[in-house]
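Colleague: Once you've had a glance at the structure underneath, I'll fire off some questions.
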Amino acid sequence: MRTVNFTADNHIDLLQSGAEFFPALIAAIESARHEVYLETYIFAADGSAQKVKTALMDAAKRGVSVRVVTDWLGTGRAHNTLLTEEFLHTPIKHRIFNPWFRRGMVRTHRKLCVVDRQIAFVGGININDDMFTDDARHLPLPAPRWDFSVRIIGPLVPTVHAELEAQWMRMGGLKLRARWDEFKRARVKISLASQGAASAGLVIRDNLRNRRTIQRAYMQALGHARDSALLANPYFAPGRKLRQALVSAAQRGVKVTLLLGVGHYRLQDAVTHSYYPKLLKAGIRIVEYRKTALHAKVAVVDDEWSTVGSSNYDGLSLLVNQEANVVIRDARFTNMLRQKIEAGIADGVEVQSTEFGKPSWYRRLWYGSAFFVYRFAMRIMTLGNSS
């Protein structure tokens with residue numbers, strides 16, 4: 001099993017929702033002197049996104065190299081076209097990931113940014129407003145979307161930068177003069193002194209060499225868990241191996257708690273509910289978060305292992321899309337994230353075994369039908385390899 005490549009001496013800040021994330025991101029962009037790479041699934045047309053866009057434009061006007069990657073499906077065809085037209089009047093370079101599904105079903109679901117190769121952001125937060133749903137309905141939310149990102153300063157930043165740069169290169173050829181400009185820019189000396197105590201590694205998922213790296217990171221952490229595992233995610237439909245890792249940990253006496261988002265898609269909820277009876281029987285605690293939209297993809301295991309990223313626990317994230325998580329080994333950070341997840345659990349509604357232990361025949365039919373549709377779709381999108 002491939003292990004995470006950790007680097008030591010990173011300073012990592014946890015950023016909850018847009019109220020903390022956007023000021024930090026914008027401040028970093030406003031301080032940029034050389035380059036900004038930004039990759040996101042959704043770049044919306046709202047007030048929060050406009051502030052980020054303005055910061056990017058101002059940086060480009062100062063001579064900073066600004067490159068933005070947005071997903072064709074996540075951002076939307078029409079808005080991607082508007083962004084491209086708007087950026088044409090600025091020095092910003094913009095590329096759209098997989099327009100018209102030319103590369104199959106794969107999407108870039110990653111939320112990454114690197115500024116001057118000194119500051120990196122990794123997490124689950126799109127460039128959109130906290131107070132509205134992130135689908136086409138754009139409905140108001142009762143409270144800010146529950147989500148997280150991290151700001152990284154330290155030796156892990158070049159790894160994130162290299163991944164963003166490689167993505168940019170893959171999406172378009174460079175002429176000889178542009179390649180020479182890139183070479184000169186790469187020679188800019190950046191100071192990356194040790195900033196903190198955290199060991200961390202970037203874990204990506206793609207359809208080449210890193211097909212199952214994020215899932216394996218979770219499975220490895222669960223396999224070594226001794227006391228507790230708290231996992232929060234909006235879309236729960238993992239394959240057999242990850243489900244078995246959760247059950248095995250619980251059967252060893254590990255206190256496993258799942259905090260799951262519900263209420264976004266009725267079919268997704270039915271698929272998720274189809275797993276409940278076996279998970280509850282194994283002793284896994286399940287809590288549904290209904291206060292607002294839960295979009296976070298975070299977890300803590302025992303006292304020192306944690307992760308923040310973009311990957312859901314469903315077939316799209318684990319087997320189709322490009323994803324990026326950061327895995328952190330640091331007691332201070334893990335304790336901070338644990339407190340956030342525990343607060344989310346306190347705001348949630350615990351699922352009782354009496355409700356799902358023996359579901360009625362019509363519930364079983366609904367769950368089974370939903371699971372069949374989901375399973376069939378995954379087999380089509382992954383060419384039958386969806387376990």
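Every chain in the structure tokens takes a letter, A first, then B, and so on in the order presented; its residues are numbered from 1, and the ligands are numbered from 1 following the presented order.
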Check stretch 96-184 of chain A with DSSP on the backbone and list each residue it calls strand (DSSP E or B), as a PyMOL selection string.
Modeller: chain A and resi 96-97+108+112-115+119-123+127+132+140+146+148-153
Colleague: Name the residues in contact with stretch 238-251 of chain A at a cut-off of 10 Å, using only C-alpha atoms, excluding same-chain residues fewer than 3 positions from it; report them as a ChimeraX atom specification.
Modeller: /A:215-216,218-229,235,254-258,272,275,278-285,312-319,375,386-387
Colleague: Please provide the set of residues having any atom within 8 Å of stretch 63-76 of chain A, restricted to only C-alpha atoms, with same-chain residues fewer than 3 positions apart removed, written as a ChimeraX atom specification.
Modeller: /A:32-44,56,59-60,79-80,91-100,107-109,168
Colleague: What does the structure give for the distance between atom CA of A:Val157 and atom CA of A:Gln118, in Å to one decimal?
Modeller: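 Distance between the two atoms: 6.2 Å.
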Colleague: Can you list, as an NGL selection string, every protein, DNA or RNA residue that comes within 10 Å of A:Pro142 when you count only C-alpha atoms, leaving out same-chain residues fewer than 6 positions away?
Modeller: :A and (131-132 or 290-293)
Colleague: In Å, rounded to a single decimal, give me how far atom CA of A:Gln50 is from atom CA of A:Pro23.
Modeller: 12.7 Å
Colleague: Skipping near chain neighbours, those fewer than 5 positions away, what residues fall within 10 Å of A:Ser31 using only C-alpha atoms, listed as a ChimeraX atom specification?
Modeller: /A:26,55,59,115-116
Colleague: Output the selection as a PDB file, in the first residue's frame - C-alpha atoms for each residue.
Modeller:
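Below is the file part_38.pdb, written as the result:
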ATOM      1  CA  ILE A  26      -7.507  37.427  -0.894  1.00  0.00           C
ATOM      2  CA  ALA A  55      -7.887  40.502  -6.296  1.00  0.00           C
ATOM      3  CA  ALA A  59      -2.442  41.171  -9.074  1.00  0.00           C
ATOM      4  CA  VAL A 115       0.872  32.187  -4.208  1.00  0.00           C
ATOM      5  CA  ASP A 116       4.544  32.930  -4.954  1.00  0.00           C
TER       6      ASP A 116
END
Colleague: Give me, as a count of residues only, the residues of stretch 44-236 of chain A that a backbone DSSP run labels helix (DSSP H, G or I).
Modeller: 71
Colleague: With a distance cut-off of 7 Å and only C-alpha atoms, select the neighbouring residues of stretch 343-359 of chain A, excluding the residue or stretch itself and same-chain residues fewer than 2 positions from it, and output the selection as a ChimeraX atom specification.
Modeller: /A:259,276-277,280,286-291,339-341,361,363-364
Colleague: Can you pull out every residue within 8 Å of A:Ala370, counting only C-alpha atoms, but drop anything in the same chain fewer than 6 positions away, and send it as a PyMOL selection string?
Modeller: chain A and resi 267-268+270-271
Colleague: Let's have the selection written as a PDB file, in the first residue's frame, with N, CA and C atoms.
Modeller:
ATOM      1  N   LEU A 267     -31.920  11.153  -4.145  1.00  0.00           N
ATOM      2  CA  LEU A 267     -31.370   9.863  -4.550  1.00  0.00           C
ATOM      3  C   LEU A 267     -30.092   9.552  -3.781  1.00  0.00           C
ATOM      4  N   GLN A 268     -29.235  10.570  -3.599  1.00  0.00           N
ATOM      5  CA  GLN A 268     -28.001  10.372  -2.839  1.00  0.00           C
ATOM      6  C   GLN A 268     -28.310   9.977  -1.404  1.00  0.00           C
ATOM      7  N   ALA A 270     -30.880   8.357  -0.345  1.00  0.00           N
ATOM      8  CA  ALA A 270     -31.355   6.976  -0.337  1.00  0.00           C
ATOM      9  C   ALA A 270     -30.194   5.997  -0.454  1.00  0.00           C
ATOM     10  N   VAL A 271     -29.216   6.301  -1.293  1.00  0.00           N
ATOM     11  CA  VAL A 271     -28.031   5.437  -1.404  1.00  0.00           C
ATOM     12  C   VAL A 271     -27.296   5.393  -0.072  1.00  0.00           C
TER      13      VAL A 271
END
Colleague: Any idea what the distance is between atom CA of A:Asp13 and atom CA of A:Ile152?
Modeller: 6.7 Å
Colleague: Choose the residue, out of A:Leu15, A:Val106, A:Ser199, A:Leu83, that has the smallest atom-to-atom separation from A:Phe148; count only C-alpha atoms.
Modeller: A:Leu15
